[in-house]
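Peer 1: My structure file upload-v3.cif, mmCIF, C-alpha atoms, is below:
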```cif
data_entry
loop_
_atom_site.label_atom_id
_atom_site.label_comp_id
_atom_site.auth_asym_id
_atom_site.auth_seq_id
_atom_site.Cartn_x
_atom_site.Cartn_y
_atom_site.Cartn_z
CA MET D 1 -137.67 -41.67 41.95
CA HIS D 2 -139.31 -40.72 45.22
CA SER D 3 -137.42 -41.17 48.49
CA THR D 4 -139.15 -44.33 49.70
CA MET D 5 -138.15 -47.85 50.68
CA GLU D 6 -140.11 -49.06 47.64
CA SER D 7 -137.65 -47.14 45.46
CA VAL D 8 -134.76 -48.78 47.31
CA GLY D 9 -136.22 -52.22 46.55
CA GLU D 10 -136.71 -51.37 42.88
CA VAL D 11 -133.16 -50.05 42.51
CA GLU D 12 -131.70 -53.10 44.28
CA ALA D 13 -133.66 -55.47 42.01
CA ALA D 14 -132.57 -53.56 38.91
CA ALA D 15 -128.92 -53.69 40.03
CA GLU D 16 -129.05 -57.45 40.51
CA LYS D 17 -130.69 -57.92 37.10
CA ILE D 18 -128.08 -55.80 35.33
CA ALA D 19 -125.25 -57.48 37.26
CA THR D 20 -126.56 -60.87 36.14
CA GLU D 21 -126.76 -59.71 32.53
CA ALA D 22 -123.18 -58.38 32.84
CA GLY D 23 -122.04 -61.91 33.67
CA LEU D 24 -120.94 -61.29 37.26
CA ASP D 25 -120.68 -64.39 39.45
CA GLU D 26 -122.88 -64.93 42.51
CA ASP D 27 -120.49 -63.29 44.98
CA GLN D 28 -120.01 -60.25 42.74
CA ARG D 29 -123.75 -59.94 42.16
CA PHE D 30 -124.26 -59.96 45.91
CA HIS D 31 -121.57 -57.31 46.36
CA VAL D 32 -123.03 -55.07 43.67
CA GLY D 33 -126.61 -55.53 44.91
CA MET D 34 -125.64 -54.75 48.48
CA ALA D 35 -123.48 -51.72 47.62
CA VAL D 36 -126.23 -50.30 45.40
CA ARG D 37 -128.80 -50.89 48.13
CA GLU D 38 -126.62 -49.21 50.78
CA ALA D 39 -125.96 -46.20 48.52
CA THR D 40 -129.65 -45.84 47.73
CA VAL D 41 -130.65 -46.18 51.38
CA ASN D 42 -128.12 -43.46 52.23
CA ALA D 43 -129.60 -41.16 49.58
CA VAL D 44 -133.18 -41.77 50.76
CA LEU D 45 -132.58 -41.82 54.50
CA HIS D 46 -129.62 -39.53 55.17
CA GLY D 47 -129.55 -37.36 52.04
CA ASN D 48 -133.26 -36.72 51.53
CA GLU D 49 -134.17 -37.45 55.16
CA TYR D 50 -136.91 -39.86 54.08
CA ASP D 51 -138.95 -37.04 52.55
CA PRO D 52 -140.94 -38.66 49.71
CA SER D 53 -141.28 -35.29 47.95
CA ARG D 54 -137.51 -35.15 47.47
CA MET D 55 -136.20 -37.15 44.57
CA ILE D 56 -133.29 -39.49 44.01
CA ASP D 57 -131.75 -39.74 40.56
CA VAL D 58 -130.42 -43.18 39.66
CA THR D 59 -128.45 -44.35 36.61
CA PHE D 60 -126.98 -47.69 35.56
CA GLU D 61 -124.43 -48.26 32.83
CA ASN D 62 -122.63 -51.32 31.54
CA THR D 63 -119.72 -50.11 29.41
CA GLY D 64 -118.48 -53.63 28.77
CA ALA D 65 -115.45 -52.92 30.96
CA ASP D 66 -117.30 -51.57 33.97
CA PHE D 67 -120.63 -51.72 35.74
CA ILE D 68 -121.33 -48.13 36.78
CA PHE D 69 -124.09 -47.01 39.14
CA THR D 70 -124.84 -43.47 40.25
CA VAL D 71 -127.34 -42.21 42.81
CA ALA D 72 -127.89 -38.54 43.59
CA ASP D 73 -129.96 -37.04 46.38
CA GLU D 74 -131.19 -33.50 47.14
CA GLY D 75 -129.83 -33.34 50.67
CA ARG D 76 -127.38 -31.11 52.47
CA GLY D 77 -124.33 -33.09 51.41
CA PHE D 78 -121.62 -34.54 53.61
CA ASN D 79 -117.89 -35.03 53.77
CA PRO D 80 -117.11 -38.73 53.27
CA ASP D 81 -113.62 -38.19 54.71
CA ASN D 82 -115.06 -37.23 58.09
CA LEU D 83 -116.90 -40.50 58.74
CA PRO D 84 -115.86 -42.49 61.83
CA ASP D 85 -113.96 -45.72 61.13
CA PRO D 86 -116.43 -48.53 61.92
CA LEU D 87 -113.52 -50.95 62.47
CA ALA D 88 -111.98 -48.86 65.25
CA PRO D 89 -112.38 -50.60 68.62
CA GLU D 90 -114.35 -47.67 70.05
CA ASN D 91 -116.85 -47.88 67.14
CA LEU D 92 -117.19 -51.64 66.81
CA LEU D 93 -120.29 -51.82 69.02
CA ARG D 94 -122.07 -48.90 67.38
CA GLY D 95 -125.41 -49.74 65.82
CA THR D 96 -124.85 -47.50 62.77
CA GLY D 97 -122.08 -46.18 60.54
CA ARG D 98 -121.20 -49.20 58.38
CA GLY D 99 -122.96 -48.29 55.12
CA ILE D 100 -120.23 -46.28 53.36
CA PHE D 101 -117.58 -48.69 54.65
CA LEU D 102 -119.45 -51.61 53.07
CA ILE D 103 -119.88 -49.75 49.79
CA ARG D 104 -116.15 -48.98 49.65
CA SER D 105 -115.28 -52.57 50.56
CA LEU D 106 -117.59 -54.23 48.04
CA MET D 107 -116.97 -52.08 44.97
CA ASP D 108 -113.78 -51.42 42.99
CA GLU D 109 -114.18 -47.64 42.89
CA VAL D 110 -116.39 -45.20 44.80
CA HIS D 111 -116.54 -41.50 43.96
CA PHE D 112 -118.40 -38.75 45.80
CA ARG D 113 -119.48 -35.50 44.18
CA GLN D 114 -121.11 -32.61 46.01
CA LEU D 115 -123.97 -31.13 43.98
CA HIS D 116 -124.90 -28.12 46.18
CA PRO D 117 -127.42 -29.20 47.19
CA GLY D 118 -127.11 -32.94 47.27
CA THR D 119 -124.53 -35.66 46.90
CA GLU D 120 -123.85 -38.02 44.02
CA LEU D 121 -122.26 -41.39 44.64
CA MET D 122 -120.71 -43.25 41.72
CA LEU D 123 -119.99 -46.94 42.27
CA ILE D 124 -117.87 -48.90 39.80
CA LYS D 125 -117.31 -52.64 39.53
CA HIS D 126 -114.74 -53.72 36.96
CA LEU D 127 -116.01 -56.50 34.73
CA ALA D 128 -113.65 -59.37 34.04
CA PRO D 129 -112.42 -59.34 30.45
CA ALA D 130 -113.86 -62.10 28.29
CA THR D 131 -111.71 -65.20 28.18
CA PRO D 132 -110.04 -65.40 24.78
CA LYS D 133 -111.18 -68.35 22.70
CA THR D 134 -108.47 -70.85 21.90
CA MET L 1 -138.40 -62.40 51.57
CA ALA L 2 -139.19 -60.67 54.85
CA LEU L 3 -137.86 -62.00 58.13
CA THR L 4 -139.71 -64.70 60.04
CA ILE L 5 -138.79 -65.52 63.63
CA ALA L 6 -139.72 -68.74 65.43
CA SER L 7 -138.91 -69.20 69.11
CA ARG L 8 -138.21 -72.46 70.97
CA GLU L 9 -136.66 -73.50 74.28
CA VAL L 10 -133.75 -75.93 74.52
CA ASP L 11 -132.31 -76.67 77.98
CA GLY L 12 -133.13 -73.22 79.30
CA VAL L 13 -131.84 -71.44 76.19
CA THR L 14 -134.25 -69.52 73.98
CA VAL L 15 -133.40 -70.29 70.37
CA LEU L 16 -134.72 -67.83 67.80
CA ASP L 17 -134.80 -69.42 64.35
CA LEU L 18 -134.53 -66.55 61.88
CA SER L 19 -135.37 -66.94 58.22
CA GLY L 20 -135.19 -64.37 55.41
CA ARG L 21 -133.63 -60.92 55.30
CA ILE L 22 -132.51 -58.65 58.12
CA THR L 23 -132.57 -55.25 56.46
CA LEU L 24 -133.84 -51.75 57.02
CA GLY L 25 -137.61 -52.03 56.95
CA GLU L 26 -137.67 -55.78 56.39
CA GLY L 27 -136.50 -57.41 59.58
CA SER L 28 -134.49 -55.05 61.74
CA VAL L 29 -137.51 -53.90 63.72
CA GLN L 30 -138.83 -57.47 64.12
CA LEU L 31 -135.50 -58.63 65.49
CA ARG L 32 -135.29 -55.64 67.86
CA ASP L 33 -138.81 -56.31 69.17
CA ALA L 34 -138.12 -60.03 69.63
CA ILE L 35 -134.95 -59.37 71.65
CA ARG L 36 -136.62 -56.68 73.78
CA ASP L 37 -139.51 -59.05 74.45
CA LEU L 38 -137.17 -61.81 75.64
CA ILE L 39 -135.08 -59.45 77.77
CA GLY L 40 -138.27 -57.99 79.24
CA LYS L 41 -139.35 -61.48 80.27
CA GLY L 42 -136.04 -62.00 82.04
CA GLN L 43 -134.57 -64.49 79.58
CA LYS L 44 -130.80 -64.66 80.12
CA SER L 45 -129.71 -67.14 77.46
CA ILE L 46 -130.49 -66.28 73.83
CA LEU L 47 -129.24 -68.06 70.72
CA LEU L 48 -129.90 -66.54 67.30
CA ASN L 49 -130.00 -69.22 64.61
CA LEU L 50 -129.05 -67.40 61.39
CA GLY L 51 -128.86 -70.56 59.26
CA GLU L 52 -131.73 -69.40 57.03
CA VAL L 53 -130.78 -65.73 56.90
CA ASN L 54 -129.70 -65.20 53.31
CA TYR L 55 -129.22 -61.44 53.36
CA ILE L 56 -128.28 -58.79 55.88
CA ASP L 57 -127.48 -55.12 55.26
CA SER L 58 -125.70 -52.51 57.38
CA SER L 59 -128.91 -51.83 59.28
CA GLY L 60 -129.25 -55.55 60.02
CA LEU L 61 -125.64 -55.75 61.16
CA GLY L 62 -126.32 -52.80 63.44
CA GLU L 63 -129.37 -54.57 64.80
CA LEU L 64 -127.29 -57.65 65.63
CA VAL L 65 -124.83 -55.43 67.49
CA SER L 66 -127.68 -53.71 69.33
CA ALA L 67 -129.14 -57.11 70.28
CA TYR L 68 -125.75 -58.09 71.64
CA THR L 69 -125.24 -54.90 73.67
CA THR L 70 -128.86 -54.82 74.90
CA SER L 71 -128.49 -58.40 76.14
CA LYS L 72 -125.14 -57.74 77.76
CA ASN L 73 -126.45 -54.64 79.55
CA GLN L 74 -129.22 -56.77 81.06
CA ASP L 75 -126.83 -59.56 82.14
CA ALA L 76 -128.12 -61.80 79.37
CA THR L 77 -125.92 -63.70 76.91
CA LEU L 78 -126.63 -63.59 73.19
CA LYS L 79 -124.77 -65.92 70.83
CA LEU L 80 -125.02 -66.72 67.12
CA LEU L 81 -125.57 -70.08 65.43
CA LYS L 82 -125.02 -71.26 61.84
CA LEU L 83 -123.94 -68.32 59.72
CA THR L 84 -124.55 -68.49 55.99
CA LYS L 85 -121.50 -67.68 53.85
CA LYS L 86 -122.78 -64.20 53.03
CA VAL L 87 -123.43 -63.30 56.67
CA HIS L 88 -120.13 -64.89 57.74
CA ASP L 89 -118.22 -62.84 55.15
CA LEU L 90 -119.92 -59.60 56.23
CA LEU L 91 -119.19 -60.23 59.91
CA GLN L 92 -115.53 -60.80 59.01
CA LEU L 93 -115.38 -57.71 56.81
CA THR L 94 -116.79 -55.54 59.59
CA LYS L 95 -114.74 -57.25 62.34
CA LEU L 96 -117.97 -58.18 64.13
CA TYR L 97 -116.81 -61.79 63.97
CA THR L 98 -114.55 -60.86 66.89
CA VAL L 99 -117.47 -59.51 68.93
CA PHE L 100 -119.88 -62.44 68.83
CA ASP L 101 -119.61 -65.95 70.20
CA ILE L 102 -120.46 -68.02 67.08
CA TYR L 103 -121.23 -71.74 66.74
CA ASP L 104 -121.72 -74.05 63.80
CA ASP L 105 -123.69 -76.72 65.62
CA GLU L 106 -126.60 -76.30 67.99
CA ALA L 107 -125.59 -78.88 70.60
CA SER L 108 -122.25 -77.14 71.17
CA ALA L 109 -123.95 -73.77 71.31
CA ILE L 110 -126.49 -74.93 73.90
CA ALA L 111 -123.77 -76.62 75.97
CA SER L 112 -121.75 -73.40 76.02
CA TYR L 113 -124.37 -71.70 78.22
CA LYS L 114 -123.83 -74.16 81.10
#
```
If you convert what's in this file into structure tokens, what do you get?

Peer 2:
Amino acid sequence: MHSTMESVGEVEAAAEKIATEAGLDEDQRFHVGMAVREATVNAVLHGNEYDPSRMIDVTFENTGADFIFTVADEGRGFNPDNLPDPLAPENLLRGTGRGIFLIRSLMDEVHFRQLHPGTELMLIKHLAPATPKT
Amino acid sequence: MALTIASREVDGVTVLDLSGRITLGEGSVQLRDAIRDLIGKGQKSILLNLGEVNYIDSSGLGELVSAYTTSKNQDATLKLLKLTKKVHDLLQLTKLYTVFDIYDDEASAIASYK
């Protein structure tokens, strides 16, 4: 997909559709939709620097046990361990820097992989096991 | 749904009734422009009614913070009214709940400016 806000909207809508089909409740659907949106915005805006000629690669998977989303950009890459803590008092009034924090807070697992060039984010939400029938 | 902003005056307080999403490209810029416009006109008491805001992303949260700091730097006071559950939860998660003065009912919010 091209690095545009239209792509972000399409990915967000797809995530919410798949989360609904996976049986997630309203809060979980919101969490998944928001985390997917934030990850995609990061790829488009920070990774590919909003250059429509650069592509983002997006995948969704429902394994039955997990909802798995990946987004990869073609950017310079970054070290997720070097990000400022947005909850620190000195950062609380900053206008930016909450995206990765939100992703980590809203999903069960978040993995970063450097692609040289580019970064891949993998977001995982564990799906509740089906209630056994009695 | 994109963001719509309606402005009204109540006892010297400018209430901005926001409805829709505050996200990158869908409301952040509108909110920034609305706050700058009010500050530019010398308005000192601003109340953001978020009762119809059903979605906000990190960019929108940043815009709320910027609205707060812009107001404070110009000796204006910006407060929040009627958070939806989603916005409330995000403000708690990001500790921004501790930054803003937040009200559930408009009369109390308006009275707090006196």

Peer 1: Please, which residues of chain L lie no more than 10 Å from chain D when the count uses all atoms listed in the file, and can they be set out as JSON, numbers by chain?

Peer 2: {"L": [24, 25, 26, 55, 56, 57, 58, 59, 60, 61, 62, 63, 64, 65, 66, 67, 68, 69, 85, 86, 90, 93, 94, 95, 96, 98, 99]}

Peer 1: Calculate how many Å separate atom CA of D:Val110 from atom CA of D:Ile124, rounding to one decimal.

Peer 2: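 Atom-to-atom, atom CA of D:Val110 to atom CA of D:Ile124, that is 6.4 Å.
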
Peer 1: Evaluate the PyMOL selection byres ((chain L and resi 113) around 9) on the structure here and hand back the selected residues as a list in words.

Peer 2: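 What the PyMOL selection byres ((chain L and resi 113) around 9) grabs from the file is Gly12, Val13, Ser45, Thr77, Ala109, Ile110, Ala111, Ser112 and Lys114 of chain L.
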
Peer 1: Expand the PyMOL selection byres ((chain L and resi 81-84) around 6) into the explicit residue set it covers here, and present it as an NGL selection string.

Peer 2: :L and (48-51 or 80 or 85-88 or 102-104)

Peer 1: Running the PyMOL selection byres ((chain D and resi 29) around 12) on this model by hand, what would come out? Give it as a count of residues only.

Peer 2: 31

Peer 1: When you draw a straight line from atom CA of D:Val44 to atom CA of D:His111, how long is it in Å?

Peer 2: 18.0 Å

Peer 1: Between atom CA of L:Ile5 and atom CA of L:Gly20, what is the distance, to one decimal in Å?

Peer 2: 9.0 Å

Peer 1: Of the candidates D:Asn91, D:Ala43, D:His126, D:Arg113, which one gets nearest to D:Ile68 if we count all atoms listed in the file?

Peer 2: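 Comparing D:Asn91, D:Ala43, D:His126, D:Arg113 against D:Ile68, the winner is D:His126.
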
Peer 1: Set the distance at 12 Å and use only C-alpha atoms: which residues neighbour stretch 70-76 of chain D once local chain neighbours fewer than 4 positions away are removed? I'd like the list as an MDAnalysis selection string.

Peer 2: chainID D and resid 1:3 7:8 11:12 15 35:62 109:125

Peer 1: Which of these, L:Val53, L:Leu47, L:Leu16, L:Ala107, has the shortest distance to L:Ala34 once you count all atoms listed in the file?

Peer 2: L:Leu16

Peer 1: With distances taken over only C-alpha atoms, which residue among L:Arg36, L:Asn54, L:Gly42, L:Glu9 lies nearest L:Thr23?

Peer 2: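 Looking at the shortest contact to L:Thr23, the residue is L:Asn54.
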
Peer 1: Of the candidates L:Asp105, L:Thr70, L:Tyr97, L:Leu31, which shows the shortest atom-to-atom distance to L:Ser7, using all atoms listed in the file?

Peer 2: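 Among L:Asp105, L:Thr70, L:Tyr97, L:Leu31, it is L:Leu31 that comes nearest to L:Ser7.
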